[in-house]
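Heads up, coords31.cif below (mmCIF, C-alpha atoms and all ligand atoms):
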```cif
data_final
#
loop_
_atom_site.group_PDB
_atom_site.id
_atom_site.type_symbol
_atom_site.label_atom_id
_atom_site.label_comp_id
_atom_site.auth_asym_id
_atom_site.auth_seq_id
_atom_site.Cartn_x
_atom_site.Cartn_y
_atom_site.Cartn_z
ATOM 1 C CA MET A 1 0.000 0.000 0.000
ATOM 2 C CA VAL A 2 1.471 3.382 -0.990
ATOM 3 C CA GLY A 3 0.435 6.920 0.004
ATOM 4 C CA ARG A 4 -2.989 8.007 1.252
ATOM 5 C CA VAL A 5 -5.765 5.493 0.658
ATOM 6 C CA ASP A 6 -9.169 7.021 1.408
ATOM 7 C CA ASN A 7 -10.931 3.723 0.907
ATOM 8 C CA ILE A 8 -9.003 2.117 3.770
ATOM 9 C CA THR A 9 -9.299 5.259 5.903
ATOM 10 C CA GLU A 10 -13.069 5.101 5.534
ATOM 11 C CA LYS A 11 -13.111 1.449 6.561
ATOM 12 C CA LEU A 12 -11.031 2.201 9.653
ATOM 13 C CA ALA A 13 -13.244 5.178 10.537
ATOM 14 C CA ARG A 14 -16.377 3.058 10.160
ATOM 15 C CA MET A 15 -14.874 0.315 12.327
ATOM 16 C CA ALA A 16 -14.029 2.879 15.027
ATOM 17 C CA MET A 17 -17.548 4.293 14.822
ATOM 18 C CA LEU A 18 -19.237 0.883 15.170
ATOM 19 C CA GLN A 19 -16.965 0.073 18.089
ATOM 20 C CA TYR A 20 -17.829 3.391 19.760
ATOM 21 C CA VAL A 21 -21.581 2.806 19.373
ATOM 22 C CA THR A 22 -21.291 -0.751 20.689
ATOM 23 C CA GLU A 23 -19.246 0.319 23.696
ATOM 24 C CA SER A 24 -21.691 3.158 24.412
ATOM 25 C CA LEU A 25 -24.614 0.694 24.403
ATOM 26 C CA ALA A 26 -22.793 -1.536 26.875
ATOM 27 C CA TYR A 27 -22.096 1.434 29.171
ATOM 28 C CA MET A 28 -25.703 2.577 28.970
ATOM 29 C CA VAL A 29 -27.367 -0.761 29.694
ATOM 30 C CA SER A 30 -24.915 -1.732 32.458
ATOM 31 C CA GLY A 31 -25.154 1.783 33.955
ATOM 32 C CA ASN A 32 -28.949 1.440 34.053
ATOM 33 C CA MET A 33 -28.642 -1.939 35.750
ATOM 34 C CA ASP A 34 -26.159 -0.541 38.289
ATOM 35 C CA THR A 35 -28.602 2.202 39.268
ATOM 36 C CA GLY A 36 -31.254 -0.417 40.004
ATOM 37 C CA ALA A 37 -33.325 -0.244 36.809
ATOM 38 C CA ARG A 38 -35.289 -3.443 36.233
ATOM 39 C CA ASP A 39 -36.944 -2.629 32.915
ATOM 40 C CA TYR A 40 -33.977 -2.921 30.565
ATOM 41 C CA HIS A 41 -34.987 -5.890 28.374
ATOM 42 C CA LEU A 42 -35.615 -3.803 25.293
ATOM 43 C CA GLU A 43 -32.302 -1.933 25.636
ATOM 44 C CA ALA A 44 -30.462 -5.210 26.288
ATOM 45 C CA ALA A 45 -31.999 -6.808 23.187
ATOM 46 C CA ILE A 46 -31.041 -3.814 21.033
ATOM 47 C CA SER A 47 -27.509 -3.915 22.463
ATOM 48 C CA LYS A 48 -27.102 -7.627 21.739
ATOM 49 C CA VAL A 49 -28.354 -7.327 18.162
ATOM 50 C CA PHE A 50 -26.266 -4.249 17.423
ATOM 51 C CA ALA A 51 -23.088 -5.482 19.109
ATOM 52 C CA SER A 52 -23.076 -8.877 17.393
ATOM 53 C CA ASP A 53 -23.865 -7.385 13.961
ATOM 54 C CA ALA A 54 -21.232 -4.675 14.430
ATOM 55 C CA ALA A 55 -18.552 -7.111 15.619
ATOM 56 C CA TRP A 56 -19.152 -9.239 12.538
ATOM 57 C CA ALA A 57 -18.913 -6.227 10.216
ATOM 58 C CA VAL A 58 -15.745 -4.937 11.917
ATOM 59 C CA VAL A 59 -13.842 -8.222 11.747
ATOM 60 C CA ASP A 60 -14.978 -8.818 8.174
ATOM 61 C CA GLU A 61 -13.581 -5.400 7.229
ATOM 62 C CA ALA A 62 -10.383 -6.043 9.179
ATOM 63 C CA ILE A 63 -9.838 -9.120 7.006
ATOM 64 C CA GLN A 64 -10.574 -7.040 3.902
ATOM 65 C CA VAL A 65 -8.037 -4.399 4.922
ATOM 66 C CA LEU A 66 -5.346 -7.071 5.214
ATOM 67 C CA GLY A 67 -6.317 -8.526 1.827
ATOM 68 C CA GLY A 68 -5.215 -12.122 1.141
ATOM 69 C CA MET A 69 -3.162 -12.121 4.324
ATOM 70 C CA GLY A 70 -6.314 -11.450 6.329
ATOM 71 C CA PHE A 71 -7.916 -14.598 4.920
ATOM 72 C CA MET A 72 -5.005 -16.843 5.988
ATOM 73 C CA LYS A 73 -4.916 -18.616 9.354
ATOM 74 C CA GLY A 74 -1.670 -16.903 10.333
ATOM 75 C CA ALA A 75 -3.314 -13.473 10.698
ATOM 76 C CA GLY A 76 -5.694 -14.927 13.317
ATOM 77 C CA LEU A 77 -8.717 -13.016 12.066
ATOM 78 C CA GLU A 78 -10.553 -15.857 10.330
ATOM 79 C CA ARG A 79 -10.775 -17.618 13.708
ATOM 80 C CA VAL A 80 -12.233 -14.465 15.312
ATOM 81 C CA LEU A 81 -14.760 -14.224 12.488
ATOM 82 C CA ARG A 82 -15.844 -17.862 12.917
ATOM 83 C CA ASP A 83 -16.122 -17.485 16.680
ATOM 84 C CA LEU A 84 -18.099 -14.250 16.366
ATOM 85 C CA ARG A 85 -20.628 -15.787 13.970
ATOM 86 C CA ILE A 86 -22.423 -17.614 16.775
ATOM 87 C CA PHE A 87 -23.233 -14.372 18.613
ATOM 88 C CA ARG A 88 -25.827 -13.550 15.970
ATOM 89 C CA ILE A 89 -27.440 -16.950 16.574
ATOM 90 C CA PHE A 90 -27.423 -17.834 20.256
ATOM 91 C CA GLU A 91 -28.895 -16.053 23.266
ATOM 92 C CA GLY A 92 -31.860 -15.388 20.957
ATOM 93 C CA THR A 93 -31.169 -15.107 17.228
ATOM 94 C CA ASN A 94 -30.865 -11.529 16.084
ATOM 95 C CA ASP A 95 -33.871 -12.071 13.820
ATOM 96 C CA ILE A 96 -36.082 -13.132 16.730
ATOM 97 C CA LEU A 97 -34.722 -10.352 18.950
ATOM 98 C CA ARG A 98 -35.538 -7.801 16.278
ATOM 99 C CA LEU A 99 -39.141 -9.007 16.323
ATOM 100 C CA PHE A 100 -39.053 -8.753 20.122
ATOM 101 C CA VAL A 101 -37.803 -5.156 19.907
ATOM 102 C CA ALA A 102 -40.556 -4.169 17.467
ATOM 103 C CA LEU A 103 -43.362 -5.956 19.293
ATOM 104 C CA THR A 104 -42.347 -4.698 22.738
ATOM 105 C CA GLY A 105 -42.417 -1.119 21.462
ATOM 106 C CA ILE A 106 -45.723 -1.707 19.707
ATOM 107 C CA GLN A 107 -47.286 -3.096 22.889
ATOM 108 C CA PHE A 108 -46.920 0.310 24.565
ATOM 109 C CA ALA A 109 -48.372 2.183 21.583
ATOM 110 C CA GLY A 110 -51.125 -0.444 21.337
ATOM 111 C CA SER A 111 -52.291 0.087 24.906
ATOM 112 C CA HIS A 112 -52.485 3.827 24.230
ATOM 113 C CA LEU A 113 -54.612 3.273 21.129
ATOM 114 C CA GLN A 114 -56.883 0.839 22.997
ATOM 115 C CA GLU A 115 -57.571 3.572 25.524
ATOM 116 C CA LEU A 116 -58.576 5.829 22.650
ATOM 117 C CA GLN A 117 -60.794 3.148 21.103
ATOM 118 C CA ARG A 118 -62.582 2.751 24.449
ATOM 119 C CA ALA A 119 -63.032 6.512 24.618
ATOM 120 C CA PHE A 120 -64.734 6.489 21.200
ATOM 121 C CA LYS A 121 -67.294 3.970 22.519
ATOM 122 C CA ASN A 122 -68.452 6.548 25.067
ATOM 123 C CA PRO A 123 -67.420 9.875 23.509
ATOM 124 C CA THR A 124 -69.381 12.191 25.821
ATOM 125 C CA ALA A 125 -67.558 10.851 28.865
ATOM 126 C CA HIS A 126 -64.132 11.148 27.221
ATOM 127 C CA LEU A 127 -64.355 14.361 25.216
ATOM 128 C CA GLY A 128 -61.090 15.706 26.675
ATOM 129 C CA LEU A 129 -59.052 12.679 25.624
ATOM 130 C CA ILE A 130 -60.622 12.529 22.160
ATOM 131 C CA PHE A 131 -60.110 16.241 21.466
ATOM 132 C CA SER A 132 -56.525 16.303 22.712
ATOM 133 C CA GLU A 133 -55.731 13.283 20.541
ATOM 134 C CA ALA A 134 -57.587 14.660 17.521
ATOM 135 C CA GLY A 135 -55.779 17.987 17.931
ATOM 136 C CA ARG A 136 -52.414 16.289 18.203
ATOM 137 C CA ARG A 137 -53.021 14.266 15.037
ATOM 138 C CA ALA A 138 -54.476 17.165 13.086
ATOM 139 C CA GLY A 139 -51.454 19.267 14.072
ATOM 140 C CA ARG A 140 -49.141 16.584 12.822
ATOM 141 C CA ALA A 141 -51.017 16.200 9.555
ATOM 142 C CA VAL A 142 -50.578 19.893 8.714
ATOM 143 C CA GLY A 143 -47.048 20.064 10.092
ATOM 144 C CA LEU A 144 -47.851 22.183 13.180
ATOM 145 C CA HIS A 145 -46.853 19.590 15.722
ATOM 146 C CA SER A 146 -43.286 20.140 16.860
ATOM 147 C CA PRO A 147 -41.362 17.246 18.402
ATOM 148 C CA ALA A 148 -39.839 17.472 21.894
ATOM 149 C CA ASP A 149 -36.675 19.569 21.853
ATOM 150 C CA ILE A 150 -33.834 17.576 23.381
ATOM 151 C CA SER A 151 -31.059 19.714 21.922
ATOM 152 C CA PRO A 152 -30.435 21.721 25.170
ATOM 153 C CA LEU A 153 -29.415 18.427 26.806
ATOM 154 C CA VAL A 154 -26.471 17.747 24.495
ATOM 155 C CA ALA A 155 -23.143 19.395 23.671
ATOM 156 C CA PRO A 156 -23.564 22.431 21.361
ATOM 157 C CA GLU A 157 -21.755 20.591 18.544
ATOM 158 C CA LEU A 158 -24.412 17.873 18.648
ATOM 159 C CA ARG A 159 -27.513 20.086 18.748
ATOM 160 C CA PRO A 160 -28.385 19.712 15.053
ATOM 161 C CA ALA A 161 -28.146 15.927 15.463
ATOM 162 C CA ALA A 162 -30.351 16.095 18.585
ATOM 163 C CA ARG A 163 -32.989 18.086 16.694
ATOM 164 C CA GLU A 164 -32.929 15.518 13.910
ATOM 165 C CA LEU A 165 -33.213 12.755 16.503
ATOM 166 C CA ALA A 166 -36.318 14.402 17.991
ATOM 167 C CA ARG A 167 -37.856 14.639 14.527
ATOM 168 C CA CYS A 168 -37.111 10.958 13.908
ATOM 169 C CA VAL A 169 -38.605 9.889 17.247
ATOM 170 C CA ASP A 170 -41.778 11.714 16.266
ATOM 171 C CA ALA A 171 -41.794 10.197 12.767
ATOM 172 C CA PHE A 172 -41.187 6.777 14.261
ATOM 173 C CA GLY A 173 -44.145 7.216 16.639
ATOM 174 C CA GLN A 174 -46.393 8.092 13.716
ATOM 175 C CA THR A 175 -45.174 5.074 11.794
ATOM 176 C CA VAL A 176 -45.907 2.746 14.697
ATOM 177 C CA GLU A 177 -49.368 4.263 15.137
ATOM 178 C CA GLY A 178 -50.110 3.942 11.412
ATOM 179 C CA THR A 179 -48.949 0.336 11.465
ATOM 180 C CA LEU A 180 -51.190 -0.517 14.414
ATOM 181 C CA VAL A 181 -54.188 1.146 12.886
ATOM 182 C CA ARG A 182 -53.659 -0.799 9.692
ATOM 183 C CA TYR A 183 -52.918 -4.254 11.068
ATOM 184 C CA GLY A 184 -54.329 -4.274 14.606
ATOM 185 C CA ARG A 185 -53.481 -7.475 16.483
ATOM 186 C CA ALA A 186 -52.467 -9.145 13.213
ATOM 187 C CA VAL A 187 -49.292 -7.044 13.311
ATOM 188 C CA VAL A 188 -47.571 -9.913 15.158
ATOM 189 C CA ASP A 189 -47.550 -11.835 11.862
ATOM 190 C CA GLU A 190 -46.259 -8.923 9.767
ATOM 191 C CA GLN A 191 -42.564 -9.719 10.083
ATOM 192 C CA PHE A 192 -41.599 -7.648 7.056
ATOM 193 C CA VAL A 193 -43.015 -4.528 8.725
ATOM 194 C CA LEU A 194 -41.783 -5.483 12.210
ATOM 195 C CA ASN A 195 -38.241 -5.871 10.937
ATOM 196 C CA ARG A 196 -38.284 -2.352 9.559
ATOM 197 C CA LEU A 197 -39.705 -0.953 12.774
ATOM 198 C CA ALA A 198 -36.950 -2.719 14.712
ATOM 199 C CA SER A 199 -34.281 -1.209 12.454
ATOM 200 C CA ALA A 200 -35.696 2.264 13.033
ATOM 201 C CA ALA A 201 -35.895 1.677 16.810
ATOM 202 C CA ILE A 202 -32.269 0.519 16.847
ATOM 203 C CA ASP A 203 -31.106 3.527 14.827
ATOM 204 C CA VAL A 204 -32.989 5.948 17.080
ATOM 205 C CA TYR A 205 -31.839 4.343 20.329
ATOM 206 C CA THR A 206 -28.168 3.984 19.332
ATOM 207 C CA THR A 207 -28.126 7.638 18.276
ATOM 208 C CA ALA A 208 -29.577 8.756 21.619
ATOM 209 C CA VAL A 209 -26.955 6.701 23.428
ATOM 210 C CA VAL A 210 -23.942 8.105 21.561
ATOM 211 C CA LEU A 211 -25.228 11.685 21.807
ATOM 212 C CA SER A 212 -25.484 11.190 25.550
ATOM 213 C CA ARG A 213 -22.010 9.670 25.938
ATOM 214 C CA ALA A 214 -20.187 12.177 23.745
ATOM 215 C CA SER A 215 -21.970 15.085 25.455
ATOM 216 C CA ARG A 216 -20.830 13.765 28.821
ATOM 217 C CA ALA A 217 -17.247 13.547 27.548
ATOM 218 C CA ALA A 218 -17.487 17.163 26.372
ATOM 219 C CA ARG A 219 -19.038 18.329 29.652
ATOM 220 C CA LEU A 220 -16.207 16.701 31.637
ATOM 221 C CA GLN A 221 -13.666 18.095 29.139
ATOM 222 C CA LEU A 222 -12.130 14.676 28.675
ATOM 223 C CA PRO A 223 -9.051 14.744 26.422
ATOM 224 C CA HIS A 224 -10.731 12.548 23.783
ATOM 225 C CA ALA A 225 -14.011 14.506 23.821
ATOM 226 C CA PRO A 226 -13.462 16.150 20.388
ATOM 227 C CA HIS A 227 -12.943 12.705 18.855
ATOM 228 C CA GLU A 228 -16.067 11.360 20.568
ATOM 229 C CA LEU A 229 -18.120 14.299 19.315
ATOM 230 C CA ARG A 230 -17.052 13.529 15.742
ATOM 231 C CA LEU A 231 -17.889 9.833 16.135
ATOM 232 C CA ALA A 232 -21.306 10.612 17.612
ATOM 233 C CA GLU A 233 -22.087 13.163 14.914
ATOM 234 C CA ALA A 234 -21.097 10.742 12.163
ATOM 235 C CA TRP A 235 -23.233 7.968 13.637
ATOM 236 C CA ALA A 236 -26.256 10.233 14.094
ATOM 237 C CA HIS A 237 -25.950 11.352 10.475
ATOM 238 C CA GLU A 238 -25.790 7.803 9.173
ATOM 239 C CA ALA A 239 -28.350 6.154 11.458
ATOM 240 C CA LEU A 240 -31.036 8.848 11.355
ATOM 241 C CA ALA A 241 -30.997 8.978 7.572
ATOM 242 C CA ARG A 242 -32.434 5.453 7.656
ATOM 243 C CA VAL A 243 -35.360 6.184 9.983
ATOM 244 C CA PRO A 244 -38.624 6.114 7.991
ATOM 245 C CA PRO A 245 -39.756 9.438 6.587
ATOM 246 C CA ARG A 246 -42.531 11.225 8.395
ATOM 247 C CA ASN A 247 -45.222 10.350 5.848
ATOM 248 C CA LEU A 248 -44.378 6.741 5.164
ATOM 249 C CA PHE A 249 -47.340 5.340 7.069
ATOM 250 C CA ILE A 250 -49.463 8.398 7.674
ATOM 251 C CA GLN A 251 -51.257 7.739 4.390
ATOM 252 C CA ILE A 252 -52.217 4.291 5.634
ATOM 253 C CA PHE A 253 -53.623 5.885 8.760
ATOM 254 C CA VAL A 254 -55.591 8.514 6.845
ATOM 255 C CA ASP A 255 -57.046 5.916 4.451
ATOM 256 C CA HIS A 256 -58.108 3.702 7.304
ATOM 257 C CA PHE A 257 -59.585 6.619 9.250
ATOM 258 C CA LEU A 258 -61.620 7.812 6.268
ATOM 259 C CA LYS A 259 -62.931 4.319 5.524
ATOM 260 C CA THR A 260 -63.859 3.669 9.145
ATOM 261 C CA HIS A 261 -65.492 6.955 10.053
ATOM 262 C CA PHE A 262 -66.888 8.287 6.788
ATOM 263 C CA LYS A 263 -68.227 5.180 5.075
ATOM 264 C CA GLN A 264 -71.549 5.707 3.310
HETATM 265 C C1 LIG B 301 -22.155 -23.238 19.864
HETATM 266 C C2 LIG B 301 -23.570 -23.156 20.399
HETATM 267 C C3 LIG B 301 -23.789 -23.006 21.761
HETATM 268 C C4 LIG B 301 -25.098 -22.943 22.262
HETATM 269 N N1 LIG B 301 -25.260 -22.808 23.616
HETATM 270 C C5 LIG B 301 -26.495 -22.814 24.122
HETATM 271 C C6 LIG B 301 -26.716 -22.731 25.534
HETATM 272 O O1 LIG B 301 -25.768 -22.672 26.322
HETATM 273 N N2 LIG B 301 -27.988 -22.725 26.009
HETATM 274 C C7 LIG B 301 -29.068 -22.807 25.166
HETATM 275 O O2 LIG B 301 -30.202 -22.784 25.644
HETATM 276 N N3 LIG B 301 -28.891 -22.873 23.829
HETATM 277 C C8 LIG B 301 -27.647 -22.885 23.275
HETATM 278 N N4 LIG B 301 -27.489 -22.980 21.919
HETATM 279 C C9 LIG B 301 -28.654 -23.043 21.062
HETATM 280 C C10 LIG B 301 -28.975 -21.685 20.484
HETATM 281 O O3 LIG B 301 -29.520 -20.818 21.455
HETATM 282 C C11 LIG B 301 -29.927 -21.885 19.303
HETATM 283 O O4 LIG B 301 -29.167 -22.469 18.251
HETATM 284 C C12 LIG B 301 -30.564 -20.588 18.857
HETATM 285 O O5 LIG B 301 -31.474 -20.120 19.807
HETATM 286 C C13 LIG B 301 -31.299 -20.742 17.512
HETATM 287 O O6 LIG B 301 -32.226 -21.783 17.592
HETATM 288 P P1 LIG B 301 -32.200 -22.956 16.501
HETATM 289 O O7 LIG B 301 -30.804 -23.392 16.284
HETATM 290 O O8 LIG B 301 -33.201 -23.967 16.923
HETATM 291 O O9 LIG B 301 -32.661 -22.239 15.168
HETATM 292 P P2 LIG B 301 -34.133 -22.151 14.593
HETATM 293 O O10 LIG B 301 -35.094 -21.800 15.682
HETATM 294 O O11 LIG B 301 -34.422 -23.374 13.782
HETATM 295 O O12 LIG B 301 -33.996 -20.891 13.645
HETATM 296 C C14 LIG B 301 -33.475 -20.965 12.315
HETATM 297 C C15 LIG B 301 -33.665 -19.616 11.653
HETATM 298 O O13 LIG B 301 -35.044 -19.300 11.557
HETATM 299 C C16 LIG B 301 -35.333 -18.079 12.234
HETATM 300 N N5 LIG B 301 -36.617 -18.250 12.911
HETATM 301 C C17 LIG B 301 -36.964 -19.224 13.788
HETATM 302 N N6 LIG B 301 -38.216 -19.036 14.219
HETATM 303 C C18 LIG B 301 -38.677 -17.911 13.616
HETATM 304 C C19 LIG B 301 -39.902 -17.189 13.662
HETATM 305 N N7 LIG B 301 -40.929 -17.583 14.434
HETATM 306 N N8 LIG B 301 -39.999 -16.083 12.924
HETATM 307 C C20 LIG B 301 -38.977 -15.653 12.171
HETATM 308 N N9 LIG B 301 -37.800 -16.306 12.077
HETATM 309 C C21 LIG B 301 -37.649 -17.414 12.790
HETATM 310 C C22 LIG B 301 -34.193 -17.870 13.207
HETATM 311 O O14 LIG B 301 -33.981 -16.502 13.474
HETATM 312 C C23 LIG B 301 -33.040 -18.453 12.458
HETATM 313 O O15 LIG B 301 -32.513 -17.505 11.558
HETATM 314 C C24 LIG B 301 -26.194 -23.027 21.377
HETATM 315 C C25 LIG B 301 -25.969 -23.150 19.990
HETATM 316 C C26 LIG B 301 -24.686 -23.224 19.494
HETATM 317 C C27 LIG B 301 -24.488 -23.391 18.009
#
```
Will you turn the file into structure tokens for me?
Amino acid sequence: MVGRVDNITEKLARMAMLQYVTESLAYMVSGNMDTGARDYHLEAAISKVFASDAAWAVVDEAIQVLGGMGFMKGAGLERVLRDLRIFRIFEGTNDILRLFVALTGIQFAGSHLQELQRAFKNPTAHLGLIFSEAGRRAGRAVGLHSPADISPLVAPELRPAARELARCVDAFGQTVEGTLVRYGRAVVDEQFVLNRLASAAIDVYTTAVVLSRASRAARLQLPHAPHELRLAEAWAHEALARVPPRNLFIQIFVDHFLKTHFKQ
């Protein structure tokens, strides 16, 4: 290899980024456990899926960087790759855990929607709930609803990423709601949709975790804080770009709503 090779630099940067996200997830979930939290199953599942996928990608790229040498036994990496492969299978296959992540999140949204359905059965007794919900949805539909602003909580360098994260959380919520309205209980069998919801949940959660860690490093003025800020910013940029666009499922919701409430 001679001179500057951007292709390899990018691979190394991506490996460092995946490692940083994975480590941040481990700190977050173990920190929560240490402070006595008991409801960490969702975060643990996301961490396992992400860590095992990331480890596989990193070692695969490490082999690629070494070229033919990386493939040979002598480099030691092919053994690491083989050993790592099982992590995506045992302790719950990543595929099953992804369904778990999606369905656990949906359960919460589902209970909220059930409450609303009950309210519609006796509208006079629940006018407040119905109007607040209708207002919230109408605001969203015309773009008036603004997502929670979490940017004051992060380092100034990460505020644009935090604003984008808030927008994605909101878009994700709408997508989940639209999915539930469309499929109801049958959503448990919609693995194609569930898989996509899980990917979005993982992207949103991992971004929140790295924004938190890098902001802490900046607040404590740790020597590596500038590097952490760059890693977190790069991850937020990449992960949030994959979260479903705001209107992906809203059309499904609108169609269903019109058919249900305005049928002739
Ligand atoms: C080296 C090794 C060590 C192990 N150690 C232990 C251990 O200590 N304790 C223990 O309890 N187990 C252990 N296991 C077993 C391991 O947990 C299982 O292999 C793993 O849970 C996957 O189950 P399975 O092999 O039956 O695959 P299957 O259940 O047959 O799955 C095959 C594929 O289908 C997918 N799939 C299965 N069901 C569904 C579904 N409903 N919807 C969508 N996709 C689905 C899976 O994700 C997977 O991709 C070990 C396995 C190995 C190889």
Evaluating the PyMOL selection byres (((not hetatm)) within 12 of (chain B and resi 301)) on the displayed file yields which residues, as a short mmCIF file (atom, residue, chain, number, x, y, z; two decimals) with C-alpha atoms, in the frame of the given file?
```
data_model
loop_
_atom_site.label_atom_id
_atom_site.label_comp_id
_atom_site.auth_asym_id
_atom_site.auth_seq_id
_atom_site.Cartn_x
_atom_site.Cartn_y
_atom_site.Cartn_z
CA VAL A 49 -28.35 -7.33 18.16
CA ARG A 82 -15.84 -17.86 12.92
CA ASP A 83 -16.12 -17.48 16.68
CA LEU A 84 -18.10 -14.25 16.37
CA ARG A 85 -20.63 -15.79 13.97
CA ILE A 86 -22.42 -17.61 16.77
CA PHE A 87 -23.23 -14.37 18.61
CA ARG A 88 -25.83 -13.55 15.97
CA ILE A 89 -27.44 -16.95 16.57
CA PHE A 90 -27.42 -17.83 20.26
CA GLU A 91 -28.90 -16.05 23.27
CA GLY A 92 -31.86 -15.39 20.96
CA THR A 93 -31.17 -15.11 17.23
CA ASN A 94 -30.86 -11.53 16.08
CA ASP A 95 -33.87 -12.07 13.82
CA ILE A 96 -36.08 -13.13 16.73
CA LEU A 97 -34.72 -10.35 18.95
CA ARG A 98 -35.54 -7.80 16.28
CA LEU A 99 -39.14 -9.01 16.32
CA PHE A 100 -39.05 -8.75 20.12
CA VAL A 188 -47.57 -9.91 15.16
CA ASP A 189 -47.55 -11.84 11.86
CA GLU A 190 -46.26 -8.92 9.77
CA GLN A 191 -42.56 -9.72 10.08
CA PHE A 192 -41.60 -7.65 7.06
CA LEU A 194 -41.78 -5.48 12.21
CA ASN A 195 -38.24 -5.87 10.94
#
```
message = As a check of understanding, name the residues that the PyMOL selection byres (((chain A and resi 62) around 10) and not hetatm) selects in the supplied structure, as a PyMOL selection string.
response = chain A and resi 8+11-12+15+56-61+63-67+70-71+77-78+81
request  = Measuring atom to atom with only C-alpha atoms, identify which of A:Met33, A:Ala236, A:Val101, A:Leu25 is nearest to Leu211 (chain A).
outcome  =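 Under the stated criterion, the closest residue is A:Ala236.
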ask   = Which of these residues is nearest to Val209 (chain A), using all atoms listed in the file: A:Ala16, A:Leu180, A:Ala75, A:Leu165?
value =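 Ranked by minimum distance to Val209 (chain A), first place goes to A:Leu165.
Counting from CA of Thr179 (chain A), the distance to CA of Gly105 (chain A) is 12.0 Å.
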Please provide as a PDB file with C-alpha atoms, in the coordinates of the input all residues within 12 Å of Asp39 (chain A), with the sequence filter that same-chain residues fewer than 6 positions apart are discarded (counting only C-alpha atoms).
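Output below, filename out.pdb:
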```
ATOM      1  CA  VAL A  29     -27.367  -0.761  29.694  1.00  0.00           C
ATOM      2  CA  ASN A  32     -28.949   1.440  34.053  1.00  0.00           C
ATOM      3  CA  MET A  33     -28.642  -1.939  35.750  1.00  0.00           C
ATOM      4  CA  ALA A  45     -31.999  -6.808  23.187  1.00  0.00           C
ATOM      5  CA  THR A 104     -42.347  -4.698  22.738  1.00  0.00           C
TER       6      THR A 104
END
```
key: Atomic distance CA of Leu197 (chain A) - CA of Glu10 (chain A), expressed in Å with one decimal   = 28.3 Å
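Counting only C-alpha atoms and comparing A:Pro244, A:Gly36, A:Gly31, A:Pro152, the residue that lies closest to Arg196 (chain A) is A:Pro244.
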Computed interatomic separation between CA of Phe50 (chain A) and CA of Asp203 (chain A) (Å) =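 Distance between the two atoms: 9.5 Å.
The shell of residues at most 12 Å from region 184-186 of chain A, with all atoms listed in the file counted and near chain neighbours (fewer than 2 positions) removed, consists of Leu103, Ile106, Gln107, Ala109, Gly110, Ser111, Leu113, Gln114, Gln117, Val176, Glu177, Gly178, Thr179, Leu180, Val181, Arg182, Val188, Asp189, Glu190, Gln191, Val193, Leu194, Phe253 and His256 of chain A.
Proximity of A:Met28, A:Val5, A:Val243, A:Ala54 to Thr175 (chain A), computed with all atoms listed in the file, is greatest for A:Val243.
Counting all atoms listed in the file, Ala241 (chain A) has the following residues at most 12 Å away, ignoring those fewer than 4 positions along the same chain: A:Ala161, A:Glu164, A:Leu165, A:Arg167, A:Cys168, A:Ser199, A:Ala200, A:Asp203, A:Val204, A:Thr207, A:Ala234, A:Trp235, A:Ala236, A:His237, A:Pro245, A:Arg246.
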For region 83-90 of chain A in the structure I just supplied, write out N, CA, C and O atoms - as a CSV table (one decimal), in the first residue's frame.
```csv
chain,number,residue,atom,x,y,z
A,83,ASP,N,-15.6,-17.5,15.3
A,83,ASP,CA,-16.1,-17.5,16.7
A,83,ASP,C,-17.2,-16.5,16.9
A,83,ASP,O,-18.2,-16.7,17.6
A,84,LEU,N,-17.1,-15.3,16.2
A,84,LEU,CA,-18.1,-14.2,16.4
A,84,LEU,C,-19.4,-14.6,15.7
A,84,LEU,O,-20.5,-14.1,16.2
A,85,ARG,N,-19.4,-15.5,14.7
A,85,ARG,CA,-20.6,-15.8,14.0
A,85,ARG,C,-21.8,-16.3,14.9
A,85,ARG,O,-22.9,-16.0,14.7
A,86,ILE,N,-21.4,-17.0,15.9
A,86,ILE,CA,-22.4,-17.6,16.8
A,86,ILE,C,-23.2,-16.6,17.6
A,86,ILE,O,-24.3,-16.7,17.9
A,87,PHE,N,-22.6,-15.4,17.8
A,87,PHE,CA,-23.2,-14.4,18.6
A,87,PHE,C,-24.5,-13.8,18.0
A,87,PHE,O,-25.4,-13.3,18.6
A,88,ARG,N,-24.6,-14.0,16.6
A,88,ARG,CA,-25.8,-13.5,16.0
A,88,ARG,C,-26.9,-14.6,16.0
A,88,ARG,O,-28.0,-14.4,15.6
A,89,ILE,N,-26.5,-15.8,16.5
A,89,ILE,CA,-27.4,-17.0,16.6
A,89,ILE,C,-27.9,-17.3,18.0
A,89,ILE,O,-29.1,-17.4,18.3
A,90,PHE,N,-26.9,-17.4,18.9
A,90,PHE,CA,-27.4,-17.8,20.3
A,90,PHE,C,-27.8,-16.7,21.2
A,90,PHE,O,-27.7,-15.5,20.8
```
